[in-house]
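Next comes data11.cif, with mmCIF, C-alpha atoms.
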data_model
#
loop_
_atom_site.label_atom_id
_atom_site.label_comp_id
_atom_site.auth_asym_id
_atom_site.auth_seq_id
_atom_site.Cartn_x
_atom_site.Cartn_y
_atom_site.Cartn_z
CA MET Z 1 20.00 5.84 -70.52
CA SER Z 2 20.06 5.61 -66.78
CA THR Z 3 16.97 7.78 -66.42
CA GLY Z 4 15.22 5.70 -69.02
CA PHE Z 5 16.06 2.62 -67.09
CA ARG Z 6 14.64 4.02 -63.89
CA GLN Z 7 11.51 4.94 -65.74
CA THR Z 8 10.94 1.42 -66.87
CA ASP Z 9 11.65 0.35 -63.34
CA GLU Z 10 8.56 2.14 -62.13
CA ARG Z 11 6.46 0.11 -64.44
CA SER Z 12 8.65 -2.85 -63.67
CA LEU Z 13 7.73 -6.48 -63.80
CA SER Z 14 6.91 -6.59 -60.10
CA ASP Z 15 4.59 -3.64 -60.55
CA ILE Z 16 2.81 -5.30 -63.43
CA LEU Z 17 2.52 -8.51 -61.50
CA ILE Z 18 0.85 -6.74 -58.61
CA ARG Z 19 -1.49 -4.59 -60.68
CA HIS Z 20 -2.60 -7.24 -63.15
CA GLU Z 21 -2.63 -10.28 -60.90
CA THR Z 22 -6.16 -11.39 -61.87
CA GLU Z 23 -5.62 -11.01 -65.59
CA ILE Z 24 -2.30 -12.81 -65.47
CA ALA Z 25 -3.86 -15.60 -63.44
CA SER Z 26 -6.63 -16.25 -65.93
CA ALA Z 27 -4.22 -15.98 -68.87
CA TRP Z 28 -1.88 -18.43 -67.16
CA ILE Z 29 -4.65 -20.91 -66.44
CA SER Z 30 -5.90 -20.88 -70.01
CA GLU Z 31 -2.31 -21.19 -71.20
CA GLN Z 32 -1.87 -24.29 -69.07
CA ALA Z 33 -5.12 -25.80 -70.28
CA SER Z 34 -3.90 -25.56 -73.88
CA LEU Z 35 -0.55 -27.25 -73.15
CA ILE Z 36 0.15 -30.83 -74.20
CA SER Z 37 1.36 -31.46 -70.69
CA HIS Z 38 -2.10 -30.63 -69.36
CA ARG Z 39 -3.22 -33.81 -67.63
CA PRO Z 40 -6.84 -33.62 -66.53
CA ASP Z 41 -6.59 -37.28 -65.50
CA LEU Z 42 -4.04 -36.46 -62.79
CA LEU Z 43 -5.15 -32.99 -61.76
CA THR Z 44 -8.68 -31.57 -62.01
CA GLU Z 45 -9.44 -28.19 -63.52
CA THR Z 46 -10.43 -26.83 -60.10
CA GLU Z 47 -7.23 -27.96 -58.43
CA LEU Z 48 -5.21 -26.48 -61.25
CA ARG Z 49 -6.98 -23.14 -60.81
CA GLN Z 50 -6.50 -23.24 -57.06
CA GLN Z 51 -2.80 -24.04 -57.31
CA SER Z 52 -2.16 -21.37 -59.93
CA ARG Z 53 -4.07 -18.69 -58.04
CA ALA Z 54 -2.41 -19.55 -54.72
CA LEU Z 55 1.05 -19.49 -56.26
CA LEU Z 56 0.42 -16.24 -58.10
CA SER Z 57 -0.90 -14.53 -55.00
CA GLU Z 58 2.20 -15.68 -53.08
CA ILE Z 59 4.32 -14.26 -55.91
CA THR Z 60 2.61 -10.88 -55.87
CA SER Z 61 2.78 -10.52 -52.11
CA ALA Z 62 6.48 -11.38 -52.24
CA ALA Z 63 6.94 -8.94 -55.14
CA ARG Z 64 5.52 -6.18 -52.97
CA MET Z 65 8.23 -6.78 -50.39
CA ASP Z 66 11.05 -7.38 -52.85
CA PRO Z 67 10.59 -5.70 -56.27
CA SER Z 68 13.96 -7.04 -57.48
CA LEU Z 69 12.27 -10.45 -57.95
CA ASN Z 70 15.29 -12.32 -56.67
CA LEU Z 71 14.08 -15.72 -55.47
CA ALA Z 72 17.11 -16.17 -53.23
CA ASN Z 73 15.89 -13.33 -50.96
CA SER Z 74 14.10 -14.18 -47.74
CA ALA Z 75 10.93 -12.39 -48.90
CA TRP Z 76 10.40 -15.27 -51.33
CA LYS Z 77 10.61 -18.07 -48.80
CA ALA Z 78 6.84 -18.61 -48.72
CA THR Z 79 6.75 -18.69 -52.53
CA ARG Z 80 9.59 -21.19 -52.71
CA ASP Z 81 7.91 -23.37 -50.10
CA LEU Z 82 4.56 -23.32 -51.86
CA LEU Z 83 6.16 -24.02 -55.24
CA SER Z 84 8.16 -26.90 -53.75
CA GLU Z 85 5.03 -28.30 -52.20
CA ILE Z 86 3.12 -28.11 -55.51
CA SER Z 87 6.02 -29.66 -57.43
CA ARG Z 88 6.34 -32.40 -54.84
CA SER Z 89 2.68 -33.31 -54.98
CA ARG Z 90 2.81 -33.33 -58.77
CA ALA Z 91 5.87 -35.54 -58.86
CA LEU Z 92 4.16 -37.97 -56.47
CA ALA Z 93 0.92 -37.84 -58.49
CA GLY Z 94 2.83 -39.15 -61.49
CA PHE Z 95 3.56 -36.04 -63.55
CA SER Z 96 6.79 -36.30 -65.53
CA PRO Z 97 9.50 -33.77 -64.68
CA ALA Z 98 8.85 -32.00 -68.01
CA GLU Z 99 5.14 -31.73 -67.27
CA THR Z 100 5.80 -30.37 -63.82
CA ALA Z 101 8.30 -27.84 -65.16
CA SER Z 102 5.98 -26.64 -67.90
CA PHE Z 103 3.43 -25.72 -65.21
CA VAL Z 104 5.81 -22.96 -64.16
CA PHE Z 105 7.19 -22.18 -67.61
CA SER Z 106 3.71 -21.53 -68.96
CA LEU Z 107 3.63 -18.50 -66.67
CA ARG Z 108 6.18 -16.93 -69.00
CA GLY Z 109 3.72 -16.85 -71.88
CA ALA Z 110 1.00 -15.25 -69.76
CA LEU Z 111 3.45 -12.67 -68.40
CA MET Z 112 4.89 -11.79 -71.81
CA ASP Z 113 1.43 -11.26 -73.30
CA ARG Z 114 0.67 -8.90 -70.47
CA LEU Z 115 3.98 -7.04 -70.91
CA GLN Z 116 3.25 -6.60 -74.57
CA THR Z 117 -0.07 -4.88 -73.91
CA VAL Z 118 1.49 -2.67 -71.22
CA TYR Z 119 4.51 -1.54 -73.24
CA GLU Z 120 2.87 -1.49 -76.66
CA GLU Z 121 5.17 1.09 -78.33
CA ASP Z 122 8.17 1.16 -76.02
CA ALA Z 123 10.34 -1.54 -77.56
CA ARG Z 124 13.37 -0.82 -75.40
CA SER Z 125 11.46 -1.13 -72.12
CA LEU Z 126 9.64 -4.13 -73.43
CA ALA Z 127 12.95 -5.87 -74.09
CA ALA Z 128 14.20 -5.07 -70.60
CA ALA Z 129 10.99 -6.28 -69.01
CA MET Z 130 11.03 -9.43 -71.12
CA ARG Z 131 14.53 -10.11 -69.90
CA SER Z 132 13.65 -9.79 -66.22
CA CYS Z 133 10.50 -11.81 -66.82
CA SER Z 134 12.58 -14.56 -68.37
CA THR Z 135 15.06 -14.56 -65.47
CA PHE Z 136 12.26 -14.65 -62.95
CA VAL Z 137 10.44 -17.58 -64.54
CA ASP Z 138 13.72 -19.43 -64.92
CA GLN Z 139 14.33 -19.11 -61.20
CA LEU Z 140 10.88 -20.54 -60.51
CA GLY Z 141 11.62 -23.35 -62.96
CA LEU Z 142 14.85 -24.20 -61.17
CA VAL Z 143 13.04 -24.48 -57.84
CA THR Z 144 10.50 -26.81 -59.42
CA THR Z 145 13.04 -29.02 -61.13
CA SER Z 146 15.24 -29.42 -58.09
CA THR Z 147 12.21 -30.27 -55.95
CA VAL Z 148 11.04 -32.85 -58.46
CA LEU Z 149 14.50 -34.41 -58.51
CA LYS Z 150 14.73 -34.41 -54.74
CA THR Z 151 11.32 -36.07 -54.48
CA ARG Z 152 12.37 -38.74 -56.94
CA GLU Z 153 15.59 -39.35 -55.03
CA GLU Z 154 13.68 -39.75 -51.78
CA LEU Z 155 11.38 -42.22 -53.49
CA ILE Z 156 14.32 -44.23 -54.82
CA LYS Z 157 15.95 -44.29 -51.40
CA LYS Z 158 12.75 -45.49 -49.77
CA GLN Z 159 12.36 -48.21 -52.36
CA GLN Z 160 15.96 -49.29 -51.83
CA GLU Z 161 15.29 -49.69 -48.13
CA GLU Z 162 12.17 -51.69 -48.84
CA MET Z 163 14.06 -53.90 -51.25
CA LEU Z 164 16.65 -54.50 -48.57
CA GLU Z 165 13.95 -55.75 -46.22
CA LEU Z 166 12.38 -57.89 -48.93
CA SER Z 167 15.61 -59.44 -50.07
CA THR Z 168 16.48 -61.01 -46.74
CA PRO Z 169 13.82 -63.56 -45.89
CA VAL Z 170 14.48 -66.13 -43.21
CA VAL Z 171 12.56 -69.33 -43.83
CA ARG Z 172 11.97 -72.28 -41.55
CA LEU Z 173 13.03 -75.44 -43.37
CA PHE Z 174 12.25 -77.91 -40.65
CA ASP Z 175 11.65 -78.05 -36.94
CA GLY Z 176 14.66 -76.20 -35.49
CA VAL Z 177 16.28 -75.57 -38.87
CA LEU Z 178 16.28 -72.11 -40.45
CA CYS Z 179 17.41 -71.16 -43.93
CA LEU Z 180 18.65 -67.78 -45.07
CA PRO Z 181 18.86 -67.65 -48.87
CA LEU Z 182 21.09 -64.72 -49.71
CA ILE Z 183 20.67 -63.11 -53.11
CA GLY Z 184 22.80 -60.23 -54.29
CA THR Z 185 25.90 -58.61 -52.89
CA LEU Z 186 26.46 -58.45 -49.16
CA ASP Z 187 27.46 -55.00 -47.98
CA SER Z 188 27.65 -53.85 -44.39
CA ALA Z 189 24.17 -52.29 -44.33
CA ARG Z 190 22.67 -55.47 -45.70
CA THR Z 191 24.67 -57.68 -43.35
CA GLN Z 192 23.22 -55.73 -40.46
CA VAL Z 193 19.65 -56.36 -41.67
CA VAL Z 194 20.42 -60.01 -42.44
CA MET Z 195 21.98 -60.55 -39.04
CA GLU Z 196 19.13 -58.89 -37.17
CA SER Z 197 16.40 -60.81 -38.97
CA LEU Z 198 18.25 -64.11 -38.61
CA LEU Z 199 18.87 -63.68 -34.88
CA GLN Z 200 15.31 -62.54 -34.32
CA LYS Z 201 14.01 -65.59 -36.11
CA ILE Z 202 16.31 -67.86 -34.11
CA VAL Z 203 14.77 -66.52 -30.90
CA GLU Z 204 11.22 -66.75 -32.26
CA THR Z 205 11.47 -70.32 -33.50
CA GLY Z 206 13.98 -71.64 -30.98
CA SER Z 207 16.08 -73.01 -33.83
CA THR Z 208 19.50 -74.49 -33.26
CA ILE Z 209 20.70 -74.70 -36.85
CA ALA Z 210 20.79 -71.95 -39.48
CA ILE Z 211 21.72 -72.64 -43.08
CA ILE Z 212 23.09 -69.64 -44.93
CA ASP Z 213 22.73 -70.30 -48.63
CA ILE Z 214 24.96 -68.11 -50.81
CA THR Z 215 23.99 -69.55 -54.20
CA GLY Z 216 22.65 -66.12 -55.18
CA VAL Z 217 25.72 -64.19 -54.08
CA PRO Z 218 27.62 -63.34 -57.27
CA THR Z 219 31.08 -62.82 -55.79
CA VAL Z 220 32.71 -63.35 -52.44
CA ASP Z 221 35.52 -60.98 -51.57
CA THR Z 222 37.23 -60.54 -48.22
CA LEU Z 223 34.60 -58.05 -47.09
CA VAL Z 224 31.69 -60.34 -47.93
CA ALA Z 225 33.48 -63.24 -46.25
CA GLN Z 226 34.04 -61.12 -43.17
CA HIS Z 227 30.37 -60.18 -43.05
CA LEU Z 228 29.45 -63.82 -43.43
CA LEU Z 229 31.74 -64.82 -40.57
CA LYS Z 230 30.26 -62.06 -38.41
CA THR Z 231 26.78 -63.43 -38.97
CA VAL Z 232 27.98 -66.94 -38.15
CA SER Z 233 29.64 -65.73 -34.93
CA ALA Z 234 26.56 -63.82 -33.83
CA ALA Z 235 24.34 -66.82 -34.45
CA ARG Z 236 26.75 -69.00 -32.49
CA LEU Z 237 26.57 -66.62 -29.54
CA MET Z 238 22.82 -67.10 -29.60
CA GLY Z 239 23.34 -70.84 -29.40
CA ALA Z 240 22.67 -71.68 -33.03
CA GLU Z 241 25.05 -73.41 -35.38
CA CYS Z 242 25.51 -72.14 -38.93
CA ILE Z 243 26.07 -74.10 -42.10
CA VAL Z 244 27.12 -72.19 -45.21
CA SER Z 245 25.85 -73.77 -48.40
CA GLY Z 246 25.69 -73.04 -52.10
CA ILE Z 247 29.39 -72.41 -52.55
CA ARG Z 248 30.16 -72.51 -56.26
CA PRO Z 249 33.54 -73.80 -57.51
CA GLN Z 250 34.78 -70.34 -58.47
CA ILE Z 251 33.83 -69.00 -55.06
CA ALA Z 252 35.68 -71.83 -53.33
CA GLN Z 253 38.73 -70.89 -55.38
CA THR Z 254 38.42 -67.21 -54.53
CA ILE Z 255 38.01 -67.96 -50.83
CA VAL Z 256 41.21 -70.00 -50.79
CA HIS Z 257 43.14 -67.49 -52.87
CA LEU Z 258 42.08 -64.66 -50.60
CA GLY Z 259 43.19 -66.69 -47.59
CA VAL Z 260 39.82 -66.42 -45.86
CA GLU Z 261 39.60 -68.74 -42.88
CA LEU Z 262 36.38 -70.73 -42.89
CA HIS Z 263 37.71 -73.47 -40.59
CA ASN Z 264 35.14 -73.31 -37.83
CA VAL Z 265 32.18 -73.05 -40.19
CA ALA Z 266 30.55 -76.09 -41.71
CA THR Z 267 30.37 -75.62 -45.48
CA LYS Z 268 28.42 -77.60 -48.03
CA ALA Z 269 28.21 -77.34 -51.79
CA THR Z 270 24.44 -77.46 -52.04
CA LEU Z 271 21.47 -76.63 -49.90
CA ALA Z 272 20.41 -80.29 -50.06
CA ASP Z 273 23.69 -81.39 -48.49
CA ALA Z 274 23.33 -78.73 -45.83
CA LEU Z 275 19.82 -79.86 -44.99
CA ALA Z 276 21.02 -83.47 -44.74
CA LEU Z 277 23.77 -82.37 -42.35
CA ALA Z 278 21.28 -80.34 -40.32
CA MET Z 279 18.96 -83.37 -40.03
CA GLN Z 280 21.87 -85.51 -38.95
CA LYS Z 281 22.86 -82.99 -36.31
CA ARG Z 282 19.30 -82.90 -35.03
CA GLY Z 283 19.35 -86.68 -34.87
CA LEU Z 284 16.74 -87.10 -37.58
CA THR Z 285 16.71 -89.39 -40.58
CA ILE Z 286 14.58 -89.43 -43.69
CA GLN Z 287 13.27 -92.80 -44.73
CA ARG Z 288 11.58 -93.89 -47.91
CA VAL Z 289 8.19 -95.36 -47.19
CA ASN Z 290 8.06 -98.67 -49.02
CA LYS Z 291 5.14 -98.57 -51.38
CA GLN Z 292 3.97 -101.84 -52.77
CA ALA Z 293 4.08 -101.61 -56.53
CA MET S 294 29.39 -57.07 -1.05
CA GLU S 295 26.90 -57.58 -3.89
CA ARG S 296 26.95 -61.10 -5.26
CA ILE S 297 25.11 -63.09 -7.88
CA PRO S 298 23.53 -66.24 -6.40
CA ILE S 299 24.80 -69.61 -7.58
CA LEU S 300 22.37 -72.52 -7.36
CA LYS S 301 23.36 -76.15 -7.24
CA GLN S 302 21.32 -78.70 -9.17
CA GLY S 303 22.82 -82.17 -9.11
CA ASP S 304 26.27 -81.85 -10.62
CA LEU S 305 25.37 -78.57 -12.30
CA LEU S 306 25.77 -75.02 -11.05
CA LEU S 307 23.12 -72.56 -12.25
CA VAL S 308 23.68 -68.82 -12.41
CA SER S 309 21.03 -66.40 -13.56
CA VAL S 310 22.24 -62.84 -13.96
CA GLN S 311 19.28 -60.57 -13.26
CA VAL S 312 21.05 -57.29 -12.55
CA ASP S 313 23.30 -55.10 -14.63
CA MET S 314 26.75 -56.68 -14.62
CA HIS S 315 29.31 -54.16 -13.51
CA ASP S 316 32.97 -55.05 -13.52
CA GLN S 317 33.39 -55.90 -9.84
CA LEU S 318 30.25 -58.04 -9.87
CA ALA S 319 31.64 -60.04 -12.79
CA LEU S 320 34.95 -60.58 -11.03
CA ASN S 321 33.11 -61.69 -7.87
CA LEU S 322 31.13 -64.17 -9.95
CA GLN S 323 34.36 -65.51 -11.40
CA ASP S 324 35.78 -65.98 -7.87
CA ASP S 325 32.64 -67.57 -6.48
CA LEU S 326 32.13 -69.90 -9.40
CA THR S 327 35.64 -71.32 -9.39
CA GLN S 328 35.38 -71.95 -5.65
CA ARG S 329 31.96 -73.54 -5.92
CA ILE S 330 33.03 -75.80 -8.79
CA VAL S 331 35.75 -77.23 -6.59
CA ARG S 332 33.66 -77.32 -3.39
CA ASP S 333 30.57 -78.90 -4.94
CA ASN S 334 32.52 -81.06 -7.34
CA ALA S 335 30.38 -79.66 -10.17
CA ARG S 336 30.70 -80.92 -13.72
CA GLY S 337 28.71 -78.28 -15.55
CA VAL S 338 28.03 -74.54 -15.25
CA LEU S 339 25.07 -72.80 -16.81
CA ILE S 340 25.05 -69.01 -16.96
CA ASP S 341 21.82 -67.35 -18.05
CA ILE S 342 22.25 -63.77 -19.25
CA SER S 343 18.90 -63.37 -20.98
CA ALA S 344 18.08 -60.42 -18.69
CA LEU S 345 21.15 -58.50 -19.82
CA ASP S 346 20.58 -56.11 -22.67
CA MET S 347 24.13 -54.85 -22.67
CA VAL S 348 27.40 -56.75 -22.45
CA ASP S 349 30.65 -54.83 -22.84
CA SER S 350 34.05 -56.15 -23.82
CA PHE S 351 35.15 -56.58 -20.20
CA ILE S 352 32.15 -58.70 -19.22
CA GLY S 353 32.65 -60.66 -22.43
CA ARG S 354 36.22 -61.40 -21.48
CA VAL S 355 35.26 -62.38 -17.92
CA LEU S 356 32.69 -64.82 -19.32
CA ASP S 357 35.33 -66.24 -21.65
CA ASN S 358 37.74 -66.57 -18.73
CA ILE S 359 35.14 -68.29 -16.55
CA ALA S 360 34.63 -70.88 -19.29
CA THR S 361 38.37 -71.49 -19.62
CA MET S 362 38.86 -71.69 -15.85
CA SER S 363 36.03 -74.13 -15.33
CA ARG S 364 37.35 -76.29 -18.15
CA ILE S 365 40.66 -76.48 -16.28
CA LEU S 366 38.62 -77.52 -13.24
CA ASP S 367 36.95 -80.16 -15.44
CA ALA S 368 33.56 -78.51 -15.75
CA GLU S 369 31.81 -77.46 -18.97
CA THR S 370 30.32 -73.94 -19.18
CA VAL S 371 27.32 -73.01 -21.25
CA VAL S 372 26.13 -69.41 -21.59
CA VAL S 373 22.46 -69.16 -22.52
CA GLY S 374 20.02 -66.47 -23.51
CA ILE S 375 22.27 -63.99 -25.29
CA GLN S 376 19.92 -61.41 -26.80
CA PRO S 377 20.17 -60.68 -30.56
CA ALA S 378 21.25 -57.08 -29.91
CA VAL S 379 23.92 -58.27 -27.47
CA ALA S 380 25.19 -60.86 -29.97
CA ILE S 381 25.46 -58.23 -32.70
CA THR S 382 27.27 -55.81 -30.40
CA LEU S 383 29.76 -58.45 -29.27
CA VAL S 384 30.51 -59.49 -32.85
CA GLU S 385 30.93 -55.87 -33.92
CA LEU S 386 33.37 -55.43 -31.02
CA GLY S 387 35.25 -58.45 -32.35
CA ILE S 388 34.45 -60.59 -29.30
CA THR S 389 33.35 -63.99 -30.53
CA LEU S 390 33.85 -65.84 -27.21
CA PRO S 391 35.54 -68.83 -28.86
CA ASN S 392 35.90 -70.80 -25.59
CA ILE S 393 32.27 -70.54 -24.61
CA ARG S 394 29.50 -72.92 -25.56
CA THR S 395 26.18 -71.22 -26.09
CA ALA S 396 22.55 -72.23 -26.19
CA LEU S 397 19.32 -70.43 -26.89
CA ASN S 398 17.64 -70.93 -23.51
CA ILE S 399 18.04 -72.71 -20.20
CA GLU S 400 16.26 -75.80 -21.46
CA SER S 401 18.52 -76.35 -24.46
CA GLY S 402 21.51 -75.30 -22.33
CA ILE S 403 20.84 -78.08 -19.82
CA ALA S 404 20.24 -80.53 -22.67
CA LEU S 405 23.60 -79.54 -24.15
CA LEU S 406 25.36 -80.03 -20.79
CA ARG S 407 23.73 -83.42 -20.33
CA ARG S 408 25.04 -84.44 -23.75
CA LEU S 409 28.53 -83.17 -22.99
CA LEU S 410 28.88 -84.67 -19.53
CA PRO S 411 29.45 -88.31 -18.79
CA THR S 412 26.44 -90.02 -17.20
CA PRO S 413 26.68 -90.62 -13.42
CA ASP S 414 27.57 -94.27 -13.90
CA GLY S 415 30.81 -93.25 -15.54
CA ASP S 416 30.52 -93.84 -19.30
CA ALA S 417 30.24 -90.85 -21.56
CA ASP S 418 27.49 -92.04 -23.84
CA ASP S 419 25.59 -89.68 -26.08
CA GLN S 420 22.02 -89.43 -24.90
CA SER S 421 20.63 -87.70 -27.94
#

Have the structure of the file written as C-alpha cells, please.
Amino acid sequence: MSTGFRQTDERSLSDILIRHETEIASAWISEQASLISHRPDLLTETELRQQSRALLSEITSAARMDPSLNLANSAWKATRDLLSEISRSRALAGFSPAETASFVFSLRGALMDRLQTVYEEDARSLAAAMRSCSTFVDQLGLVTTSTVLKTREELIKKQQEEMLELSTPVVRLFDGVLCLPLIGTLDSARTQVVMESLLQKIVETGSTIAIIDITGVPTVDTLVAQHLLKTVSAARLMGAECIVSGIRPQIAQTIVHLGVELHNVATKATLADALALAMQKRGLTIQRVNKQA
Amino acid sequence: MERIPILKQGDLLLVSVQVDMHDQLALNLQDDLTQRIVRDNARGVLIDISALDMVDSFIGRVLDNIATMSRILDAETVVVGIQPAVAITLVELGITLPNIRTALNIESGIALLRRLLPTPDGDADDQS
C-alpha cells in the first residue's frame, strides 16, 4: 500500500502540472469559454488567456519548489498574490463572486481530464490524484473568495466615508447665517466631520450665527445631545452663536427625561423660527413690499 | 523676561499673541494685563490668538482667568481668532471657556466690545 502510494507520488499532481502545463492551459481556457459565467463584455478573450496562462505558470513554478501543493507554504506566495490581484480586478470590474470563483474552479475540470488520460487504467491512483486535485483547487478557490470579499468590504468602507462627507453639508442661509441640516444619527465619527466642516465654513464666510437643524435626526439620546453640545461649544469658541432648530415634540420629551442641559443654547421648534431669530440677532427685519392690487 | 506686548487703543487694550504660548508667558500676560487695566483705566480687552495653532488646558484656564479677573476690574474681555482645530481640541478636552466672550476676528471683536461697553458720554446704548 505504502509503496503503491509512493509510486503514484512520482506521477503526482505537481508532476503532471509541470509536464502538461500547455495542454492544461488550453483545456482550462476552453473550459472557461464554455462556462455560463464567461463574460466577454467584462473581460476580453485575450485578457482571459493572459490571466490564465500567467496564473498557471506561477502555479507550475511554485509546484516545482513545493510538490505537496500546500498553498499555505511560502513557495506559493507569488501564486497567492497573483490570484488575489486577478480576483481583485475582477471584483472591481463587476464580476459577481460566483463568476470570479468559477474562474478558478474551472481549472478542476481541465486538471481532471488530464489526470484521466494519464492514469487511464489505474483507478486507485486516479482516485488519489483526483482527491489532491480537488483539495488544491479548493485552496485556490478560498483565496479567490476571500479576496473578493475583502475587495467588496473595502469598497463599502470607502462608500461609507464618502456618504459621511456628503451627508454633512453646511449651507449659507443669509449674510452671516449658516445652516447645518443634520440627517441621520450622530455618532462620534460623524460629529467630528460635522464640527470640522461647520467651523471651517464659519471661518470662510465670517458668519456669526449657525443654525443646527435636527429635523432629520431620528432620535436624540444622551450621546447625541453631548455631541450636539460639543459642536455648539466649539462654534462659540470661534465666535459664532448656535441655534438648534427642528426639535420634534418627542425629542423635547426625551431631552427633558434624560436630564440633558440645553440651557445655554437657543432652541427653536422650526427652521423658520430659527432664521427669524438669527435675523433679529443680526439686526435685520423682513418687510413685505406693498404691491398695489 | 519674555513678554507679550499690550497696545492701548482708546479705552481698549489689544494683545496679539504671535509666539507659542508657554506657561510662564501666559502667567506674565495675566500679570501685565491686570496691571495695565488698572493703570490705563481700560474698559475692554481684546486678545487675538489667531496665530496659535495649539492651546493646551493650562493656557485655556489662564485665558479664562484673565477674563474673570478683568471683569472684576470692570473690563470686558474678548478672545478672537480661535482656529477650528484649536476649538475642537479645547472642546474635546472639556474646556469650553464659559467666562470668555469670543469673536471670529479682530474686526468683529472690536465691534462686540463697542456694543458691550457704555459710550464715552456715559449711557450704555446699543449701537447696533

One decimal, in Å: what's the spacing between atom CA of Thr168 of chain Z and atom CA of Thr208 of chain Z?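 According to the coordinates, atom CA of Thr168 of chain Z and atom CA of Thr208 of chain Z are separated by 19.3 Å.
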
For the file shown, report as a CSV table (one decimal) with C-alpha atoms, in the coordinates of the input the outcome of the PyMOL selection byres ((chain S and resi 315-331) around 10) at residue level.
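Output file result.csv is given in full below:
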chain,number,residue,atom,x,y,z
S,294,MET,CA,29.4,-57.1,-1.0
S,295,GLU,CA,26.9,-57.6,-3.9
S,296,ARG,CA,27.0,-61.1,-5.3
S,297,ILE,CA,25.1,-63.1,-7.9
S,298,PRO,CA,23.5,-66.2,-6.4
S,299,ILE,CA,24.8,-69.6,-7.6
S,300,LEU,CA,22.4,-72.5,-7.4
S,301,LYS,CA,23.4,-76.2,-7.2
S,304,ASP,CA,26.3,-81.8,-10.6
S,305,LEU,CA,25.4,-78.6,-12.3
S,306,LEU,CA,25.8,-75.0,-11.0
S,307,LEU,CA,23.1,-72.6,-12.2
S,308,VAL,CA,23.7,-68.8,-12.4
S,310,VAL,CA,22.2,-62.8,-14.0
S,312,VAL,CA,21.0,-57.3,-12.6
S,313,ASP,CA,23.3,-55.1,-14.6
S,314,MET,CA,26.8,-56.7,-14.6
S,332,ARG,CA,33.7,-77.3,-3.4
S,333,ASP,CA,30.6,-78.9,-4.9
S,334,ASN,CA,32.5,-81.1,-7.3
S,335,ALA,CA,30.4,-79.7,-10.2
S,336,ARG,CA,30.7,-80.9,-13.7
S,337,GLY,CA,28.7,-78.3,-15.6
S,338,VAL,CA,28.0,-74.5,-15.2
S,348,VAL,CA,27.4,-56.8,-22.4
S,349,ASP,CA,30.6,-54.8,-22.8
S,351,PHE,CA,35.2,-56.6,-20.2
S,352,ILE,CA,32.2,-58.7,-19.2
S,353,GLY,CA,32.6,-60.7,-22.4
S,354,ARG,CA,36.2,-61.4,-21.5
S,355,VAL,CA,35.3,-62.4,-17.9
S,356,LEU,CA,32.7,-64.8,-19.3
S,358,ASN,CA,37.7,-66.6,-18.7
S,359,ILE,CA,35.1,-68.3,-16.6
S,360,ALA,CA,34.6,-70.9,-19.3
S,362,MET,CA,38.9,-71.7,-15.8
S,363,SER,CA,36.0,-74.1,-15.3
S,365,ILE,CA,40.7,-76.5,-16.3
S,366,LEU,CA,38.6,-77.5,-13.2
S,367,ASP,CA,37.0,-80.2,-15.4
S,368,ALA,CA,33.6,-78.5,-15.8

Near Leu17 of chain Z, counting all atoms listed in the file, which residues have an atom at most 12 Å away, once you skip same-chain residues fewer than 5 positions from it, shown as a list in words? Arg11, Ser12, Thr22, Glu23, Ile24, Ala25, Leu56, Ser57, Glu58, Ile59, Thr60, Ser61, Ala62, Ala63, Arg64, Pro67, Leu69, Leu107, Arg108, Ala110, Leu111, Met112, Arg114, Leu115, Val118, Ala129, Cys133 and Phe136 of chain Z

Between S:Ser343, S:Thr382, S:Gln376, S:Asn392, which is the closest to Thr361 of chain S once you count all atoms listed in the file?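 With all atoms listed in the file as the atom set, the closest residue is S:Asn392.
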
Of the candidates Z:Ala225, Z:Val194, Z:Ile211, Z:Leu83, which shows the shortest atom-to-atom distance to chain S, using only C-alpha atoms? Z:Val194

Can you check which parts of chain Z lie within 12 Å of chain S? Per residue, the shortest pair of atoms and distance in Å to one decimal, counting all atoms listed in the file, sorted by chain and number, as a tab-separated table.
residue	atom	partner	partner_atom	distance
Z:Gly176	CA	S:Leu397	CA	11.4
Z:Ser188	CA	S:Glu385	CA	11.2
Z:Thr191	CA	S:Ile381	CA	10.7
Z:Gln192	CA	S:Ile381	CA	8.5
Z:Val193	CA	S:Ile381	CA	10.8
Z:Val194	CA	S:Ile381	CA	11.1
Z:Met195	CA	S:Ile381	CA	7.6
Z:Glu196	CA	S:Pro377	CA	6.9
Z:Ser197	CA	S:Pro377	CA	9.2
Z:Leu198	CA	S:Pro377	CA	9.0
Z:Leu199	CA	S:Pro377	CA	5.4
Z:Gln200	CA	S:Pro377	CA	6.4
Z:Lys201	CA	S:Pro377	CA	9.6
Z:Ile202	CA	S:Leu397	CA	8.2
Z:Val203	CA	S:Leu397	CA	7.2
Z:Glu204	CA	S:Leu397	CA	10.4
Z:Thr205	CA	S:Leu397	CA	10.3
Z:Gly206	CA	S:Leu397	CA	6.8
Z:Ser207	CA	S:Leu397	CA	8.1
Z:Thr208	CA	S:Leu397	CA	7.6
Z:Ile209	CA	S:Leu397	CA	10.9
Z:Gln226	CA	S:Val384	CA	11.0
Z:His227	CA	S:Glu385	CA	10.1
Z:Leu228	CA	S:Val384	CA	11.5
Z:Leu229	CA	S:Val384	CA	9.5
Z:Lys230	CA	S:Val384	CA	6.1
Z:Thr231	CA	S:Val384	CA	8.2
Z:Val232	CA	S:Val384	CA	9.5
Z:Ser233	CA	S:Thr389	CA	6.0
Z:Ala234	CA	S:Ala380	CA	5.1
Z:Ala235	CA	S:Ala380	CA	7.5
Z:Arg236	CA	S:Thr395	CA	6.8
Z:Leu237	CA	S:Thr395	CA	5.8
Z:Met238	CA	S:Ile375	CA	5.3
Z:Gly239	CA	S:Ala396	CA	3.6
Z:Ala240	CA	S:Ala396	CA	6.9
Z:Glu241	CA	S:Ala396	CA	9.6
Z:Asn264	CA	S:Pro391	CA	10.0
Z:Gln280	CA	S:Ser421	CA	11.3
Z:Lys281	CA	S:Ser421	CA	9.9
Z:Arg282	CA	S:Ser421	CA	8.7
Z:Gly283	CA	S:Ser421	CA	7.1
Z:Leu284	CA	S:Ser421	CA	10.4

Would you compute the box with edges along x, y and z of the file around segment 387-405 of chain S, including every atom the file lists for it and 8 Å extra on each side, and give its centre and edge lengths in Å to one decimal, as lines of an AutoDock Vina configuration file?
center_x = 26.1
center_y = -69.5
center_z = -26.1
size_x = 35.6
size_y = 38.1
size_z = 28.5
